[in-house]
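Undergrad: What follows is final.csv; its format and atoms are CSV, C-alpha atoms and all ligand atoms.
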```
chain,number,residue,atom,x,y,z
A,1,MET,CA,114.2,-168.3,218.0
A,2,ASN,CA,112.6,-171.7,217.9
A,3,ALA,CA,113.1,-174.1,215.0
A,4,LYS,CA,109.6,-173.4,213.5
A,5,ASN,CA,110.3,-169.6,213.4
A,6,ALA,CA,113.7,-170.2,212.0
A,7,ALA,CA,112.1,-172.2,209.1
A,8,LEU,CA,109.6,-169.3,208.5
A,9,LEU,CA,112.6,-166.8,208.3
A,10,LYS,CA,114.3,-169.1,205.9
A,11,GLU,CA,111.2,-169.3,203.7
A,12,SER,CA,110.6,-165.6,203.7
A,13,LEU,CA,114.2,-165.0,202.7
A,14,GLU,CA,114.0,-167.7,199.9
A,15,LYS,CA,111.0,-165.8,198.5
A,16,GLN,CA,113.3,-162.8,198.1
A,17,ASN,CA,115.9,-165.1,196.5
A,18,VAL,CA,118.2,-164.8,199.5
A,19,THR,CA,120.0,-167.9,200.8
A,20,LEU,CA,120.2,-168.3,204.5
A,21,VAL,CA,123.4,-169.8,205.9
A,22,ALA,CA,122.7,-170.9,209.5
A,23,VAL,CA,125.9,-170.0,211.4
A,24,SER,CA,126.3,-172.9,213.9
A,25,LYS,CA,129.8,-172.2,215.2
A,26,THR,CA,130.2,-173.2,218.9
A,27,LYS,CA,126.7,-174.7,218.8
A,28,PRO,CA,126.2,-178.4,219.7
A,29,LYS,CA,125.1,-180.9,217.0
A,30,GLU,CA,121.7,-181.3,218.6
A,31,MET,CA,120.8,-177.7,217.8
A,32,ILE,CA,122.0,-178.2,214.2
A,33,GLN,CA,119.9,-181.4,214.0
A,34,ASN,CA,116.8,-179.5,215.1
A,35,LEU,CA,117.1,-177.0,212.2
A,36,TYR,CA,118.0,-179.8,209.9
A,37,GLU,CA,114.7,-181.4,210.7
A,38,GLU,CA,112.9,-178.2,209.8
A,39,GLY,CA,114.5,-178.3,206.3
A,40,PHE,CA,117.8,-176.4,206.9
A,41,ARG,CA,120.7,-177.8,204.8
A,42,ILE,CA,123.3,-175.0,204.7
A,43,PHE,CA,125.4,-174.4,207.8
A,44,GLY,CA,128.3,-172.1,208.3
A,45,GLU,CA,131.3,-172.6,210.7
A,46,ASN,CA,134.4,-170.5,211.3
A,47,ARG,CA,136.9,-173.2,212.5
A,48,ALA,CA,138.1,-175.9,210.2
A,49,GLN,CA,138.4,-178.6,212.7
A,50,GLU,CA,135.1,-178.0,214.4
A,51,LEU,CA,133.5,-178.0,210.9
A,52,ALA,CA,135.2,-181.3,210.0
A,53,GLY,CA,134.0,-182.9,213.2
A,54,LYS,CA,130.4,-181.8,212.7
A,55,TYR,CA,130.6,-183.0,209.1
A,56,GLU,CA,131.5,-186.5,210.4
A,57,GLU,CA,128.7,-186.6,212.9
A,58,LEU,CA,125.8,-185.0,211.1
A,59,PRO,CA,123.7,-186.0,207.9
A,60,LYS,CA,125.8,-186.1,204.8
A,61,ASP,CA,123.5,-183.9,202.7
A,62,ILE,CA,124.4,-180.9,204.7
A,63,LYS,CA,126.2,-178.2,202.8
A,64,TRP,CA,129.0,-176.9,205.0
A,65,HIS,CA,130.2,-173.3,204.4
A,66,MET,CA,133.5,-172.0,205.8
A,67,ILE,CA,132.9,-168.4,206.8
A,68,GLY,CA,135.7,-167.4,209.1
A,69,ASN,CA,139.4,-166.7,208.9
A,70,LEU,CA,141.0,-169.8,207.5
A,71,GLN,CA,144.6,-170.7,208.2
A,72,LYS,CA,146.4,-172.3,205.3
A,73,ASN,CA,147.5,-175.4,207.3
A,74,LYS,CA,143.8,-176.1,208.1
A,75,VAL,CA,142.5,-176.1,204.6
A,76,LYS,CA,143.2,-179.9,204.4
A,77,TYR,CA,140.6,-180.7,207.0
A,78,ILE,CA,137.7,-179.3,205.0
A,79,ALA,CA,138.9,-179.6,201.4
A,80,PRO,CA,137.4,-183.1,200.8
A,81,PHE,CA,133.8,-181.9,201.3
A,82,VAL,CA,133.4,-178.2,201.9
A,83,ASP,CA,130.6,-176.7,199.8
A,84,LEU,CA,131.7,-173.0,199.8
A,85,ILE,CA,134.5,-171.0,201.3
A,86,HIS,CA,133.4,-167.4,201.9
A,87,SER,CA,136.6,-166.1,203.4
A,88,VAL,CA,139.3,-166.0,200.8
A,89,SER,CA,141.3,-163.1,202.1
A,90,SER,CA,144.8,-163.6,200.5
A,91,LEU,CA,146.3,-164.9,197.3
A,92,SER,CA,148.4,-167.5,199.2
A,93,LEU,CA,145.2,-168.9,200.8
A,94,LEU,CA,143.7,-169.2,197.3
A,95,GLN,CA,146.7,-171.1,196.2
A,96,THR,CA,146.5,-173.5,199.1
A,97,ILE,CA,142.8,-174.1,198.5
A,98,ASN,CA,143.5,-174.8,194.8
A,99,LYS,CA,146.3,-177.3,195.8
A,100,GLU,CA,144.1,-179.1,198.3
A,101,ALA,CA,141.2,-179.2,195.9
A,102,PHE,CA,143.4,-180.8,193.3
A,103,LYS,CA,144.6,-183.5,195.8
A,104,ASN,CA,140.9,-184.3,196.4
A,105,ASP,CA,140.2,-184.3,192.7
A,106,ARG,CA,137.5,-181.7,193.0
A,107,LYS,CA,136.7,-178.0,192.3
A,108,ILE,CA,136.0,-175.9,195.3
A,109,ASP,CA,133.6,-172.9,195.1
A,110,VAL,CA,135.0,-169.8,196.9
A,111,LEU,CA,134.0,-166.1,197.5
A,112,LEU,CA,136.6,-163.3,197.6
A,113,GLN,CA,136.3,-161.5,200.9
A,114,LEU,CA,136.5,-157.8,200.4
A,115,LYS,CA,137.7,-155.6,203.2
A,116,ILE,CA,134.8,-153.1,203.7
A,117,ALA,CA,134.9,-152.4,207.4
A,118,LYS,CA,137.0,-149.6,208.8
A,119,GLU,CA,138.1,-151.9,211.7
A,120,ASP,CA,141.6,-153.4,211.4
A,121,SER,CA,140.4,-156.6,213.0
A,122,LYS,CA,138.3,-157.5,210.0
A,123,SER,CA,140.2,-159.1,207.2
A,124,GLY,CA,139.7,-159.0,203.5
A,125,LEU,CA,141.2,-158.1,200.2
A,126,SER,CA,141.6,-154.6,198.9
A,127,GLU,CA,140.3,-153.8,195.4
A,128,SER,CA,143.8,-153.8,194.0
A,129,GLU,CA,144.6,-157.2,195.5
A,130,ILE,CA,141.4,-158.5,194.0
A,131,LYS,CA,142.5,-157.3,190.6
A,132,ASP,CA,145.8,-159.1,190.9
A,133,ILE,CA,144.0,-162.3,191.9
A,134,ILE,CA,141.6,-162.0,189.0
A,135,GLN,CA,144.5,-161.6,186.6
A,136,ASP,CA,145.9,-164.9,187.9
A,137,LEU,CA,142.5,-166.5,187.7
A,138,ASN,CA,141.9,-165.4,184.1
A,139,SER,CA,145.3,-166.8,183.1
A,140,GLY,CA,144.0,-170.2,184.2
A,141,ALA,CA,146.2,-170.5,187.3
A,142,TYR,CA,143.6,-172.0,189.6
A,143,SER,CA,141.9,-174.8,187.7
A,144,ASN,CA,140.5,-176.4,190.9
A,145,ILE,CA,138.7,-173.3,192.1
A,146,ASN,CA,135.5,-171.6,191.1
A,147,VAL,CA,135.2,-168.0,192.2
A,148,ILE,CA,131.4,-167.5,192.4
A,149,GLY,CA,131.1,-164.2,194.2
A,150,PHE,CA,132.1,-161.9,197.0
A,151,MET,CA,131.8,-161.7,200.8
A,152,GLY,CA,132.0,-158.8,203.1
A,153,MET,CA,131.6,-158.0,206.8
A,154,ALA,CA,130.5,-154.6,207.8
A,155,SER,CA,131.8,-152.8,210.9
A,156,PHE,CA,130.4,-153.8,214.2
A,157,THR,CA,128.4,-150.6,214.9
A,158,GLU,CA,124.9,-149.4,215.6
A,159,ASN,CA,125.4,-146.8,212.9
A,160,MET,CA,123.3,-148.4,210.1
A,161,ASP,CA,124.3,-145.6,207.7
A,162,GLN,CA,127.9,-146.6,208.0
A,163,VAL,CA,127.0,-150.3,207.6
A,164,ARG,CA,124.9,-149.5,204.5
A,165,GLY,CA,127.8,-147.5,203.0
A,166,GLU,CA,130.1,-150.5,203.5
A,167,PHE,CA,127.7,-152.9,201.8
A,168,LYS,CA,127.4,-150.4,199.0
A,169,GLN,CA,131.1,-150.3,198.6
A,170,LEU,CA,131.2,-154.1,198.2
A,171,MET,CA,128.5,-154.1,195.6
A,172,GLY,CA,130.2,-151.2,193.7
A,173,THR,CA,133.5,-152.9,193.6
A,174,ALA,CA,131.9,-156.2,192.5
A,175,GLN,CA,129.8,-154.7,189.8
A,176,LYS,CA,132.8,-152.8,188.5
A,177,LEU,CA,134.7,-156.0,188.1
A,178,ILE,CA,131.9,-158.1,186.7
A,179,GLY,CA,130.3,-155.3,184.7
A,180,ARG,CA,133.5,-154.6,182.8
A,181,ASP,CA,134.1,-158.3,182.1
A,182,ILE,CA,137.2,-158.3,184.2
A,183,LEU,CA,135.6,-161.2,186.1
A,184,ASN,CA,133.1,-163.6,184.4
A,185,ILE,CA,130.6,-164.9,186.9
A,186,GLU,CA,127.2,-166.0,185.7
A,187,ASP,CA,125.0,-165.5,188.9
A,188,PRO,CA,127.3,-163.9,191.4
A,189,VAL,CA,126.8,-164.7,195.1
A,190,TYR,CA,126.9,-161.7,197.4
A,191,SER,CA,127.4,-162.9,201.0
A,192,MET,CA,126.7,-159.9,203.2
A,193,GLY,CA,124.6,-159.5,206.4
A,194,MET,CA,124.5,-161.1,209.8
A,195,SER,CA,121.9,-161.1,212.6
A,196,GLY,CA,122.2,-157.4,213.3
A,197,ASP,CA,122.4,-156.1,209.7
A,198,TYR,CA,121.0,-158.6,207.3
A,199,LYS,CA,118.0,-156.5,206.4
A,200,VAL,CA,120.2,-153.6,205.4
A,201,ALA,CA,122.4,-156.0,203.5
A,202,ILE,CA,119.5,-157.4,201.5
A,203,GLU,CA,118.3,-153.9,200.6
A,204,GLU,CA,121.8,-153.3,199.2
A,205,GLY,CA,121.8,-156.4,197.1
A,206,SER,CA,122.9,-159.3,199.3
A,207,ASN,CA,121.6,-162.7,198.2
A,208,MET,CA,123.3,-164.8,200.9
A,209,VAL,CA,123.1,-163.9,204.6
A,210,ARG,CA,125.0,-165.6,207.4
A,211,ILE,CA,122.9,-165.6,210.5
A,212,GLY,CA,123.9,-167.1,213.9
A,213,SER,CA,122.7,-165.6,217.1
A,214,LEU,CA,119.3,-164.6,215.8
A,215,LEU,CA,118.6,-168.3,215.0
A,216,PHE,CA,120.5,-170.1,217.8
A,217,GLY,CA,120.6,-167.5,220.6
A,218,ALA,CA,123.7,-165.7,221.7
A,219,ILE,CA,125.3,-168.3,223.8
A,301,LIG,C1,129.7,-165.4,213.6
A,301,LIG,C2,129.6,-165.0,212.2
A,301,LIG,C3,128.4,-164.6,211.6
A,301,LIG,C4,127.1,-164.7,212.3
A,301,LIG,O1,127.0,-163.7,213.3
A,301,LIG,P1,125.6,-163.4,214.1
A,301,LIG,O2,125.8,-162.0,214.5
A,301,LIG,O3,125.6,-164.3,215.2
A,301,LIG,O4,124.5,-163.6,213.2
A,301,LIG,C5,128.4,-164.3,210.3
A,301,LIG,N1,129.6,-164.2,209.6
A,301,LIG,C6,130.8,-164.5,210.1
A,301,LIG,C7,132.0,-164.4,209.3
A,301,LIG,C8,130.8,-164.9,211.4
A,301,LIG,O5,132.0,-165.2,212.0
```
Hey, can you dump this file as structure tokens for me?
TA:
Amino acid sequence: MNAKNAALLKESLEKQNVTLVAVSKTKPKEMIQNLYEEGFRIFGENRAQELAGKYEELPKDIKWHMIGNLQKNKVKYIAPFVDLIHSVSSLSLLQTINKEAFKNDRKIDVLLQLKIAKEDSKSGLSESEIKDIIQDLNSGAYSNINVIGFMGMASFTENMDQVRGEFKQLMGTAQKLIGRDILNIEDPVYSMGMSGDYKVAIEEGSNMVRIGSLLFGAI
């Protein structure tokens, strides 16, 4: 998709109150710059060092989102500037992010990644792990972290009924926690949907989609 059409997609999603994260992993900075010039300001990456390198080289008003599996020893590379970490999939990772945020004298926004896909390769927290984390959060254990919502990745399948069911599962769990005041979040972020399934995700309540190949091509 060319940059003009990408901007049209971004605008049409904004009209539906859906934030588009342009997933620029593996893409050269020229391609990011092209979308930047069309008004894109939110880019997602899945490797900490690649993200930190692009942060250095590209305009400083870009909001960088970490969307992929994050190793604890890599958090330090992105902690000074990262705008949102989508992929908190363990309590120990949350602890590390809190510590690195403290060192940088800032609060870092994060999403709790819920495991919704049947595939073992997709990581994420179970509902009971999330409940444990929330207990810690509510006791004030992580003063340098803001949990602002949830993220999920559906199974990689053509079966859109299955995908829809997995998104429904995320929304059900989230609303159970938020609705019963177990977790207090003002305007929760629901990060669900990629190039192949973002329309289904939006129908199921997503308000943040992470789109890579549709925008940049599948190279
Ligand atoms: C790569 C990636 C995406 C984007 O996938 P596309 O199918 O290229 O849109 C979204 N979310 C995560 C976590 C990713 O790693």
Undergrad: If we draw a sphere of 7 Å around (139.0, -166.8, 202.5), which residues have at least one atom in it when counting only C-alpha atoms? Please report them as a PyMOL selection string.
TA: chain A and resi 69-70+85-90+93+112-113
Undergrad: Find the residue from A:Leu13, A:Leu114, A:Val147, A:Ala22 that sits nearest to ligand LIG 301 (chain A); use all atoms listed in the file when measuring.
TA: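 Smallest distance to ligand LIG 301 (chain A) is found for A:Ala22.
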Undergrad: Distance limit 9 Å, reference ligand LIG 301 (chain A), atoms considered: all atoms listed in the file. Which residues make the cut? Give them as a ChimeraX atom specification.
TA: /A:21-25,44-46,66-69,86-87,151-153,191-198,209-218
Undergrad: Need to verify the contact set: Trp64 (chain A), 8 Å, only C-alpha atoms, exclusion of same-chain residues closer than 6 positions in sequence. Can you return it as a list in words?
TA: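 In the requested format, the answer is Ile42, Phe43, Gly44, Glu45, Leu51, Tyr55, Phe81, Val82, Asp83 and Leu84 of chain A.
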Undergrad: One decimal, in Å: what's the spacing between CA of Gly165 (chain A) and CA of Arg180 (chain A)?
TA: 22.2 Å
Undergrad: Select all residues near (132.9, -160.4, 189.1) (cut-off 9 Å, inclusive, file coordinates), counting only C-alpha atoms, and output them as number ranges by chain.
TA: A: 134, 147-150, 173-186, 188
Undergrad: Might you pull out every residue within 9 Å of Val75 (chain A), with all atoms listed in the file counted and same-chain residues fewer than 6 positions away left off, and present them as a list in words?
TA: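 Returned residues: Ala48, Leu93, Thr96, Ile97 and Glu100 of chain A.
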Undergrad: Quick one: distance from CA of Asn144 (chain A) to CA of Gln169 (chain A) in Å, one decimal?
TA: 28.8 Å
Undergrad: For a quick check of understanding, using all atoms listed in the file, which of A:Glu119, A:Asp132, A:Asp187, A:Glu166 has the smallest distance to Glu204 (chain A)?
TA: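 Between A:Glu119, A:Asp132, A:Asp187, A:Glu166, the residue approaching Glu204 (chain A) most closely is A:Glu166.
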Undergrad: Please compute the CA of Leu125 (chain A)-CA of Leu91 (chain A) distance, one decimal, in Å.
TA: 9.0 Å
Undergrad: Which residue is closest to Ile145 (chain A)? Choose from A:Lys107, A:Lys131, A:Arg47, A:Lys60 and count all atoms listed in the file.
TA: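 Looking at the shortest contact to Ile145 (chain A), the residue is A:Lys107.
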Undergrad: Skipping near chain neighbours, those fewer than 4 positions away, what residues fall within 12 Å of Asp120 (chain A) using all atoms listed in the file, listed as a compact mmCIF listing (two decimals) with C-alpha atoms, keeping the file's coordinate frame?
TA:
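File produced: result.txt:
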```
# COMPACT_ATOMS: atom_id res chain seq x y z
CA LYS A 115 137.70 -155.60 203.20
CA ILE A 116 134.80 -153.10 203.70
CA GLY A 124 139.70 -159.00 203.50
CA MET A 153 131.60 -158.00 206.80
CA ALA A 154 130.50 -154.60 207.80
CA SER A 155 131.80 -152.80 210.90
CA PHE A 156 130.40 -153.80 214.20
```
Undergrad: Which residue gives the smallest distance to Val18 (chain A) among A:Val189, A:Val163, A:Val200, A:Ala101, with all atoms listed in the file counted?
TA: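 Distance minimum relative to Val18 (chain A) lands on A:Val189.
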Undergrad: Which one of A:Leu170, A:Met31, A:Arg164, A:Phe40 sits closest to Ile130 (chain A) if you count only C-alpha atoms?
TA: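 Of A:Leu170, A:Met31, A:Arg164, A:Phe40, the one nearest Ile130 (chain A), counting only C-alpha atoms, is A:Leu170.
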Undergrad: Kindly indicate which residue among A:Asp105, A:Glu11, A:Glu50, A:Glu57 lies nearest to Thr26 (chain A), using only C-alpha atoms for the distances.
TA: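 Using only C-alpha atoms, Thr26 (chain A) sits closest to A:Glu50.
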Undergrad: Any chance you could build region 109-132 of chain A out to N, CA and C atoms and write it as a PDB file, in the coordinates of the input?
TA:
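Output saved as selection.pdb:
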```
ATOM      1  N   ASP A 109     134.210-174.210 195.338  1.00  0.00           N
ATOM      2  CA  ASP A 109     133.600-172.900 195.100  1.00  0.00           C
ATOM      3  C   ASP A 109     134.129-171.949 196.259  1.00  0.00           C
ATOM      4  N   VAL A 110     134.499-170.742 195.885  1.00  0.00           N
ATOM      5  CA  VAL A 110     135.000-169.800 196.900  1.00  0.00           C
ATOM      6  C   VAL A 110     134.366-168.382 196.586  1.00  0.00           C
ATOM      7  N   LEU A 111     134.354-167.567 197.627  1.00  0.00           N
ATOM      8  CA  LEU A 111     134.000-166.100 197.500  1.00  0.00           C
ATOM      9  C   LEU A 111     135.283-165.359 197.849  1.00  0.00           C
ATOM     10  N   LEU A 112     135.479-164.243 197.190  1.00  0.00           N
ATOM     11  CA  LEU A 112     136.600-163.300 197.600  1.00  0.00           C
ATOM     12  C   LEU A 112     136.051-162.401 198.640  1.00  0.00           C
ATOM     13  N   GLN A 113     136.756-162.396 199.771  1.00  0.00           N
ATOM     14  CA  GLN A 113     136.300-161.500 200.900  1.00  0.00           C
ATOM     15  C   GLN A 113     136.946-160.143 200.699  1.00  0.00           C
ATOM     16  N   LEU A 114     136.075-159.176 200.564  1.00  0.00           N
ATOM     17  CA  LEU A 114     136.500-157.800 200.400  1.00  0.00           C
ATOM     18  C   LEU A 114     136.557-157.099 201.714  1.00  0.00           C
ATOM     19  N   LYS A 115     137.602-156.331 201.938  1.00  0.00           N
ATOM     20  CA  LYS A 115     137.700-155.600 203.200  1.00  0.00           C
ATOM     21  C   LYS A 115     136.820-154.311 203.039  1.00  0.00           C
ATOM     22  N   ILE A 116     135.715-154.257 203.781  1.00  0.00           N
ATOM     23  CA  ILE A 116     134.800-153.100 203.700  1.00  0.00           C
ATOM     24  C   ILE A 116     134.748-152.341 205.019  1.00  0.00           C
ATOM     25  N   ALA A 117     134.973-153.043 206.138  1.00  0.00           N
ATOM     26  CA  ALA A 117     134.900-152.400 207.400  1.00  0.00           C
ATOM     27  C   ALA A 117     136.107-151.531 207.679  1.00  0.00           C
ATOM     28  N   LYS A 118     135.904-150.482 208.470  1.00  0.00           N
ATOM     29  CA  LYS A 118     137.000-149.600 208.800  1.00  0.00           C
ATOM     30  C   LYS A 118     137.921-150.277 209.857  1.00  0.00           C
ATOM     31  N   GLU A 119     137.352-151.261 210.588  1.00  0.00           N
ATOM     32  CA  GLU A 119     138.100-151.900 211.700  1.00  0.00           C
ATOM     33  C   GLU A 119     139.265-152.721 211.160  1.00  0.00           C
ATOM     34  N   ASP A 120     140.412-152.590 211.813  1.00  0.00           N
ATOM     35  CA  ASP A 120     141.600-153.400 211.400  1.00  0.00           C
ATOM     36  C   ASP A 120     141.402-154.848 211.631  1.00  0.00           C
ATOM     37  N   SER A 121     140.567-155.189 212.635  1.00  0.00           N
ATOM     38  CA  SER A 121     140.400-156.600 213.000  1.00  0.00           C
ATOM     39  C   SER A 121     139.697-157.410 211.915  1.00  0.00           C
ATOM     40  N   LYS A 122     138.969-156.737 211.033  1.00  0.00           N
ATOM     41  CA  LYS A 122     138.300-157.500 210.000  1.00  0.00           C
ATOM     42  C   LYS A 122     139.169-157.631 208.772  1.00  0.00           C
ATOM     43  N   SER A 123     139.314-158.885 208.357  1.00  0.00           N
ATOM     44  CA  SER A 123     140.200-159.100 207.200  1.00  0.00           C
ATOM     45  C   SER A 123     139.513-159.034 205.916  1.00  0.00           C
ATOM     46  N   GLY A 124     140.293-159.084 204.868  1.00  0.00           N
ATOM     47  CA  GLY A 124     139.700-159.000 203.500  1.00  0.00           C
ATOM     48  C   GLY A 124     140.668-158.428 202.548  1.00  0.00           C
ATOM     49  N   LEU A 125     140.348-158.585 201.292  1.00  0.00           N
ATOM     50  CA  LEU A 125     141.200-158.100 200.200  1.00  0.00           C
ATOM     51  C   LEU A 125     140.869-156.662 199.866  1.00  0.00           C
ATOM     52  N   SER A 126     141.892-155.921 199.453  1.00  0.00           N
ATOM     53  CA  SER A 126     141.600-154.600 198.900  1.00  0.00           C
ATOM     54  C   SER A 126     141.271-154.752 197.428  1.00  0.00           C
ATOM     55  N   GLU A 127     140.748-153.685 196.855  1.00  0.00           N
ATOM     56  CA  GLU A 127     140.300-153.800 195.400  1.00  0.00           C
ATOM     57  C   GLU A 127     141.534-154.097 194.556  1.00  0.00           C
ATOM     58  N   SER A 128     142.705-153.555 194.872  1.00  0.00           N
ATOM     59  CA  SER A 128     143.800-153.800 194.000  1.00  0.00           C
ATOM     60  C   SER A 128     144.347-155.258 194.151  1.00  0.00           C
ATOM     61  N   GLU A 129     144.269-155.798 195.379  1.00  0.00           N
ATOM     62  CA  GLU A 129     144.600-157.200 195.500  1.00  0.00           C
ATOM     63  C   GLU A 129     143.660-158.114 194.763  1.00  0.00           C
ATOM     64  N   ILE A 130     142.396-157.737 194.782  1.00  0.00           N
ATOM     65  CA  ILE A 130     141.400-158.500 194.000  1.00  0.00           C
ATOM     66  C   ILE A 130     141.733-158.490 192.544  1.00  0.00           C
ATOM     67  N   LYS A 131     142.124-157.349 192.066  1.00  0.00           N
ATOM     68  CA  LYS A 131     142.500-157.300 190.600  1.00  0.00           C
ATOM     69  C   LYS A 131     143.636-158.165 190.287  1.00  0.00           C
ATOM     70  N   ASP A 132     144.632-158.219 191.171  1.00  0.00           N
ATOM     71  CA  ASP A 132     145.800-159.100 190.900  1.00  0.00           C
ATOM     72  C   ASP A 132     145.325-160.568 190.890  1.00  0.00           C
TER      73      ASP A 132
END
```
